[in-house]
$ cat start10.cif   # mmCIF, C-alpha atoms and all ligand atoms
data_my_file
#
loop_
_atom_site.label_atom_id
_atom_site.label_comp_id
_atom_site.auth_asym_id
_atom_site.auth_seq_id
_atom_site.Cartn_x
_atom_site.Cartn_y
_atom_site.Cartn_z
CA MET W 99 -21.18 -9.81 -22.30
CA VAL W 100 -23.04 -8.36 -19.32
CA THR W 101 -26.34 -6.79 -20.26
CA SER W 102 -28.56 -4.48 -18.26
CA SER W 103 -31.00 -7.34 -17.69
CA ASP W 104 -28.17 -9.35 -16.08
CA LEU W 105 -27.37 -6.44 -13.78
CA GLY W 106 -31.01 -6.21 -12.80
CA VAL W 107 -30.89 -9.49 -10.90
CA ILE W 108 -27.74 -8.59 -8.97
CA SER W 109 -28.02 -6.72 -5.73
CA GLY W 110 -26.32 -5.97 -2.44
CA SER W 111 -22.74 -7.08 -1.89
CA GLN W 112 -22.58 -8.71 -5.32
CA LEU W 113 -22.38 -5.21 -6.78
CA GLN W 114 -18.83 -5.04 -5.35
CA CYS W 115 -17.78 -7.34 -8.15
CA PHE W 116 -18.55 -4.60 -10.63
CA LYS W 117 -16.64 -1.82 -8.87
CA GLU W 118 -14.13 -0.55 -11.37
CA CYS W 119 -10.55 0.64 -11.22
CA PRO W 120 -10.78 4.43 -11.89
CA PHE W 121 -8.27 4.88 -14.68
CA ASN W 122 -9.50 8.48 -15.03
CA LYS W 123 -8.01 9.20 -11.57
CA GLY W 124 -4.63 7.77 -12.52
CA TYR W 125 -5.15 4.29 -11.10
CA ALA W 126 -3.98 1.30 -13.09
CA ILE W 127 -3.90 -2.46 -12.65
CA TYR W 128 -0.62 -4.14 -11.69
CA GLY W 129 -0.57 -7.81 -10.81
CA GLY W 130 -4.33 -7.73 -10.31
CA HIS W 131 -4.13 -4.71 -7.95
CA CYS W 132 -5.76 -1.35 -8.73
CA ILE W 133 -3.10 1.07 -7.49
CA LYS W 134 -1.69 4.58 -7.87
CA LEU W 135 1.64 6.09 -6.86
CA TYR W 136 1.54 9.59 -5.41
CA MET W 137 4.94 11.11 -6.13
CA TYR W 138 5.15 13.80 -3.47
CA PHE W 139 6.45 13.24 0.04
CA THR W 140 4.05 13.60 2.97
CA SER W 141 3.20 12.20 6.40
CA HIS W 142 1.43 8.89 6.89
CA ALA W 143 -1.71 10.67 8.14
CA ASN W 144 -1.88 12.93 5.09
CA ALA W 145 -1.34 9.95 2.79
CA LEU W 146 -4.20 8.11 4.49
CA GLY W 147 -6.47 11.09 3.85
CA VAL W 148 -5.54 11.32 0.18
CA CYS W 149 -6.23 7.62 -0.36
CA ALA W 150 -9.53 7.84 1.54
CA ALA W 151 -10.65 10.71 -0.70
CA ASP W 152 -10.11 8.35 -3.66
CA GLY W 153 -12.15 5.62 -1.99
CA ALA W 154 -8.84 3.80 -1.54
CA HIS W 155 -6.57 2.58 1.26
CA LEU W 156 -2.81 2.57 1.55
CA TYR W 157 -1.35 -0.43 -0.27
CA HIS W 158 -1.49 -3.84 1.33
CA PHE W 159 1.99 -5.33 0.84
CA LYS W 160 1.20 -8.66 2.43
CA SER W 161 3.04 -11.09 0.19
CA LEU W 162 6.55 -10.89 -1.21
CA THR W 163 5.58 -13.08 -4.16
CA LYS W 164 2.30 -11.34 -5.05
CA ASP W 165 2.61 -7.73 -3.88
CA ARG W 166 6.27 -6.74 -4.46
CA GLN W 167 6.50 -6.88 -8.26
CA PRO W 168 3.46 -4.59 -8.73
CA VAL W 169 5.29 -1.90 -6.72
CA ILE W 170 8.45 -2.33 -8.80
CA ASP W 171 6.45 -2.05 -12.02
CA LEU W 172 4.42 0.93 -10.76
CA LEU W 173 7.61 2.77 -9.80
CA TYR W 174 9.19 1.99 -13.14
CA ASP W 175 6.20 3.35 -15.04
CA ASN W 176 6.54 6.55 -12.99
CA GLY W 177 10.19 6.94 -13.99
CA ILE W 178 11.76 5.36 -10.89
CA ASP W 179 14.10 2.39 -11.17
CA HIS W 180 13.98 1.14 -7.57
CA ALA W 181 17.49 -0.28 -7.84
CA ASP W 182 18.89 3.20 -8.47
CA VAL W 183 17.27 4.78 -5.39
CA THR W 184 18.82 4.81 -1.93
CA LEU W 185 16.86 5.39 1.26
CA SER W 186 13.54 6.48 -0.16
CA PHE W 187 10.20 5.34 1.17
CA LEU W 188 6.59 4.60 0.22
CA TRP W 189 3.87 4.51 2.87
CA VAL W 190 1.81 1.32 2.92
CA GLY W 191 -1.26 0.49 4.96
CA ALA W 192 -0.06 -1.04 8.24
CA THR W 193 0.72 0.50 11.63
CA ASP W 194 1.34 -0.53 15.24
CA ILE W 195 -0.23 2.66 16.56
CA VAL W 196 -2.92 0.77 18.50
CA SER W 197 -0.58 -1.70 20.18
CA GLU W 198 3.18 -1.18 20.06
CA GLY W 199 4.88 -4.09 18.30
CA SER W 200 1.67 -5.49 16.77
CA PHE W 201 1.41 -4.27 13.19
CA VAL W 202 -1.98 -4.62 11.53
CA TRP W 203 -3.09 -3.84 8.00
CA SER W 204 -5.95 -1.38 7.56
CA ASP W 205 -8.34 -4.30 6.92
CA GLY W 206 -7.54 -5.66 10.38
CA SER W 207 -5.29 -8.53 9.32
CA PRO W 208 -1.96 -8.86 11.13
CA LEU W 209 1.49 -8.12 9.72
CA PRO W 210 3.51 -10.53 11.85
CA VAL W 211 7.07 -9.82 12.95
CA GLY W 212 9.07 -12.37 10.99
CA SER W 213 6.98 -12.03 7.82
CA ASP W 214 9.28 -12.11 4.80
CA VAL W 215 7.98 -8.70 3.65
CA TRP W 216 10.03 -7.05 6.43
CA VAL W 217 13.66 -6.09 5.84
CA SER W 218 15.39 -8.93 7.64
CA PRO W 219 16.72 -9.20 10.32
CA LEU W 220 16.59 -5.55 11.37
CA GLU W 221 12.95 -4.50 11.00
CA PRO W 222 10.64 -3.66 12.62
CA ASN W 223 12.86 -2.01 15.26
CA ASP W 224 10.81 0.94 16.57
CA ALA W 225 14.01 2.98 16.37
CA GLY W 226 14.70 6.35 17.96
CA THR W 227 11.66 7.98 19.50
CA GLY W 228 9.41 5.30 18.00
CA GLU W 229 8.40 4.03 14.56
CA ASP W 230 4.77 3.01 14.10
CA CYS W 231 4.06 3.24 10.36
CA ALA W 232 5.02 0.64 7.76
CA ARG W 233 6.72 1.80 4.59
CA VAL W 234 8.42 0.24 1.61
CA ILE W 235 12.12 1.06 1.54
CA LEU W 236 14.08 1.41 -1.68
CA PRO W 237 16.12 -0.12 -3.19
CA GLU W 238 15.13 -3.27 -1.27
CA VAL W 239 11.38 -2.99 -1.96
CA LYS W 240 10.60 -4.55 1.40
CA ILE W 241 8.92 -3.15 4.51
CA ASN W 242 10.39 -1.32 7.47
CA ASP W 243 8.82 0.71 10.23
CA GLY W 244 9.37 4.46 10.21
CA PRO W 245 8.20 7.56 12.06
CA CYS W 246 4.62 8.33 10.96
CA SER W 247 5.36 12.06 10.75
CA GLY W 248 8.21 11.51 8.31
CA GLY W 249 7.97 12.16 4.60
CA ALA W 250 7.36 9.43 2.07
CA ARG W 251 5.72 8.88 -1.27
CA PHE W 252 2.73 6.55 -1.05
CA VAL W 253 0.70 3.97 -2.93
CA CYS W 254 -3.10 3.92 -2.74
CA GLN W 255 -5.11 0.78 -3.56
CA ILE W 256 -8.74 0.33 -4.50
CA ASP W 257 -10.33 -3.05 -3.87
CA PHE W 258 -12.45 -4.05 -6.82
CA CA W 301 6.28 0.85 16.74
CA CA W 302 12.61 0.83 11.54
#
$ encode --input "start10.cif" --output "structure tokens"
Amino acid sequence: MVTSSDLGVISGSQLQCFKECPFNKGYAIYGGHCIKLYMYFTSHANALGVCAADGAHLYHFKSLTKDRQPVIDLLYDNGIDHADVTLSFLWVGATDIVSEGSFVWSDGSPLPVGSDVWVSPLEPNDAGTGEDCARVILPEVKINDGPCSGGARFVCQIDF
């Protein structure tokens, strides 16, 4: 049990450890991630703003083994069986807006071409007039690049 006297000796960055997942805002913990699915479809920029207002960022889908199942479970709990959905998208937090072809997550870490989170072997392909925003595609529940102005649902994540 943590008492107030324990908290008294903790300061600075250590306080991050006590940041909580705001269940009262609809966030919940899946696979150790504090995340929320927003069900409406909007642009990548609008999704970024909504997450930021929550003190969150768009989801970091960095690992197929650690970060894919939480999305599947989150969708399921919101009434969506990913396997029954064709060509629907969820914005996640990586773009190649700064340097075409070099996707980076919003924390600055790279999302390399060839990572197994991408739909293989087709993505990212910067199709049409350009695709600079990463999104989860259903039913695959993997990443592809899409036009940032397009509509997608989105997943926000709070680091805690
Ligand atoms: Ca691109
Ligand atoms: Ca693409």
$ closest_residue --input "start10.cif" --among "W:Leu172, W:Ala143, W:Ala225, W:Ile235" --to "Thr193 of chain W" --atoms "only C-alpha atoms"
W:Ala143
$ residues_near_ligand --input "start10.cif" --ligand "ligand CA 302 (chain W)" --cutoff "7 Å" --atoms "all atoms listed in the file" --output "list in words"
Glu221, Pro222, Asn223, Asp224, Ala225, Glu229, Asn242, Asp243 and Gly244 of chain W
$ residues_near_ligand --input "start10.cif" --ligand "ligand CA 301 (chain W)" --cutoff "6 Å" --atoms "only C-alpha atoms and all ligand atoms" --output "PyMOL selection string"
chain W and resi 194+198-199+224+228-230
$ write_last_selection --input "start10.cif" --atoms "C-alpha atoms" --output "mmCIF file, keeping the file's coordinate frame"
data_model
loop_
_atom_site.group_PDB
_atom_site.id
_atom_site.type_symbol
_atom_site.label_atom_id
_atom_site.label_comp_id
_atom_site.auth_asym_id
_atom_site.auth_seq_id
_atom_site.Cartn_x
_atom_site.Cartn_y
_atom_site.Cartn_z
ATOM 1 C CA ASP W 194 1.340 -0.530 15.240
ATOM 2 C CA GLU W 198 3.180 -1.180 20.060
ATOM 3 C CA GLY W 199 4.880 -4.090 18.300
ATOM 4 C CA ASP W 224 10.810 0.940 16.570
ATOM 5 C CA GLY W 228 9.410 5.300 18.000
ATOM 6 C CA GLU W 229 8.400 4.030 14.560
ATOM 7 C CA ASP W 230 4.770 3.010 14.100
#
$ atom_distance --input "start10.cif" --atom1 "atom CA of Tyr136 of chain W" --atom2 "atom CA of Gly124 of chain W"
9.6 Å
$ residues_around --input "start10.cif" --residues "Ala192 of chain W" --least-positions-apart "5" --cutoff "6 Å" --atoms "all atoms listed in the file" --output "short mmCIF file (atom, residue, chain, number, x, y, z; two decimals) with C-alpha atoms, in the coordinates of the input"
data_model
loop_
_atom_site.label_atom_id
_atom_site.label_comp_id
_atom_site.auth_asym_id
_atom_site.auth_seq_id
_atom_site.Cartn_x
_atom_site.Cartn_y
_atom_site.Cartn_z
CA VAL W 202 -1.98 -4.62 11.53
CA TRP W 203 -3.09 -3.84 8.00
CA SER W 204 -5.95 -1.38 7.56
CA ALA W 232 5.02 0.64 7.76
#
$ closest_residue --input "start10.cif" --among "W:Tyr138, W:Phe258, W:Tyr128, W:Phe252" --to "Gln167 of chain W" --atoms "all atoms listed in the file"
W:Tyr128
$ build_atoms --input "start10.cif" --residues "segment 200-220 of chain W" --atoms "N, CA and C atoms" --output "PDB file, in the frame of the given file"
ATOM      1  N   SER W 200       2.636  -4.663  17.496  1.00  0.00           N
ATOM      2  CA  SER W 200       1.670  -5.490  16.770  1.00  0.00           C
ATOM      3  C   SER W 200       1.163  -4.731  15.546  1.00  0.00           C
ATOM      4  N   PHE W 201       1.824  -4.952  14.428  1.00  0.00           N
ATOM      5  CA  PHE W 201       1.410  -4.270  13.190  1.00  0.00           C
ATOM      6  C   PHE W 201       0.175  -4.946  12.614  1.00  0.00           C
ATOM      7  N   VAL W 202      -0.777  -4.122  12.201  1.00  0.00           N
ATOM      8  CA  VAL W 202      -1.980  -4.620  11.530  1.00  0.00           C
ATOM      9  C   VAL W 202      -2.220  -3.824  10.259  1.00  0.00           C
ATOM     10  N   TRP W 203      -2.677  -4.495   9.230  1.00  0.00           N
ATOM     11  CA  TRP W 203      -3.090  -3.840   8.000  1.00  0.00           C
ATOM     12  C   TRP W 203      -4.412  -3.127   8.231  1.00  0.00           C
ATOM     13  N   SER W 204      -4.747  -2.195   7.352  1.00  0.00           N
ATOM     14  CA  SER W 204      -5.950  -1.380   7.560  1.00  0.00           C
ATOM     15  C   SER W 204      -7.231  -2.189   7.424  1.00  0.00           C
ATOM     16  N   ASP W 205      -7.154  -3.424   6.940  1.00  0.00           N
ATOM     17  CA  ASP W 205      -8.340  -4.300   6.920  1.00  0.00           C
ATOM     18  C   ASP W 205      -8.421  -5.167   8.164  1.00  0.00           C
ATOM     19  N   GLY W 206      -7.502  -4.935   9.114  1.00  0.00           N
ATOM     20  CA  GLY W 206      -7.540  -5.660  10.380  1.00  0.00           C
ATOM     21  C   GLY W 206      -6.685  -6.906  10.435  1.00  0.00           C
ATOM     22  N   SER W 207      -6.112  -7.320   9.300  1.00  0.00           N
ATOM     23  CA  SER W 207      -5.290  -8.530   9.320  1.00  0.00           C
ATOM     24  C   SER W 207      -3.888  -8.205   9.827  1.00  0.00           C
ATOM     25  N   PRO W 208      -3.255  -9.149  10.525  1.00  0.00           N
ATOM     26  CA  PRO W 208      -1.960  -8.860  11.130  1.00  0.00           C
ATOM     27  C   PRO W 208      -0.805  -8.876  10.124  1.00  0.00           C
ATOM     28  N   LEU W 209       0.218  -8.078  10.438  1.00  0.00           N
ATOM     29  CA  LEU W 209       1.490  -8.120   9.720  1.00  0.00           C
ATOM     30  C   LEU W 209       2.525  -8.629  10.725  1.00  0.00           C
ATOM     31  N   PRO W 210       2.705  -9.947  10.775  1.00  0.00           N
ATOM     32  CA  PRO W 210       3.510 -10.530  11.850  1.00  0.00           C
ATOM     33  C   PRO W 210       4.980 -10.137  11.746  1.00  0.00           C
ATOM     34  N   VAL W 211       5.612  -9.916  12.908  1.00  0.00           N
ATOM     35  CA  VAL W 211       7.070  -9.820  12.950  1.00  0.00           C
ATOM     36  C   VAL W 211       7.588 -11.164  12.448  1.00  0.00           C
ATOM     37  N   GLY W 212       8.578 -11.123  11.551  1.00  0.00           N
ATOM     38  CA  GLY W 212       9.070 -12.370  10.990  1.00  0.00           C
ATOM     39  C   GLY W 212       8.496 -12.661   9.610  1.00  0.00           C
ATOM     40  N   SER W 213       7.456 -11.907   9.203  1.00  0.00           N
ATOM     41  CA  SER W 213       6.980 -12.030   7.820  1.00  0.00           C
ATOM     42  C   SER W 213       8.110 -11.672   6.869  1.00  0.00           C
ATOM     43  N   ASP W 214       8.173 -12.360   5.734  1.00  0.00           N
ATOM     44  CA  ASP W 214       9.280 -12.110   4.800  1.00  0.00           C
ATOM     45  C   ASP W 214       9.148 -10.780   4.057  1.00  0.00           C
ATOM     46  N   VAL W 215       8.056 -10.026   4.274  1.00  0.00           N
ATOM     47  CA  VAL W 215       7.980  -8.700   3.650  1.00  0.00           C
ATOM     48  C   VAL W 215       8.840  -7.679   4.405  1.00  0.00           C
ATOM     49  N   TRP W 216       9.163  -7.952   5.669  1.00  0.00           N
ATOM     50  CA  TRP W 216      10.030  -7.050   6.430  1.00  0.00           C
ATOM     51  C   TRP W 216      11.479  -7.160   5.953  1.00  0.00           C
ATOM     52  N   VAL W 217      12.207  -6.033   6.004  1.00  0.00           N
ATOM     53  CA  VAL W 217      13.660  -6.090   5.840  1.00  0.00           C
ATOM     54  C   VAL W 217      14.199  -6.933   6.984  1.00  0.00           C
ATOM     55  N   SER W 218      14.934  -7.969   6.639  1.00  0.00           N
ATOM     56  CA  SER W 218      15.390  -8.930   7.640  1.00  0.00           C
ATOM     57  C   SER W 218      16.904  -8.797   7.827  1.00  0.00           C
ATOM     58  N   PRO W 219      17.430  -8.926   9.063  1.00  0.00           N
ATOM     59  CA  PRO W 219      16.720  -9.200  10.320  1.00  0.00           C
ATOM     60  C   PRO W 219      16.452  -7.948  11.143  1.00  0.00           C
ATOM     61  N   LEU W 220      16.559  -6.772  10.569  1.00  0.00           N
ATOM     62  CA  LEU W 220      16.590  -5.550  11.370  1.00  0.00           C
ATOM     63  C   LEU W 220      15.212  -4.954  11.684  1.00  0.00           C
TER      64      LEU W 220
END
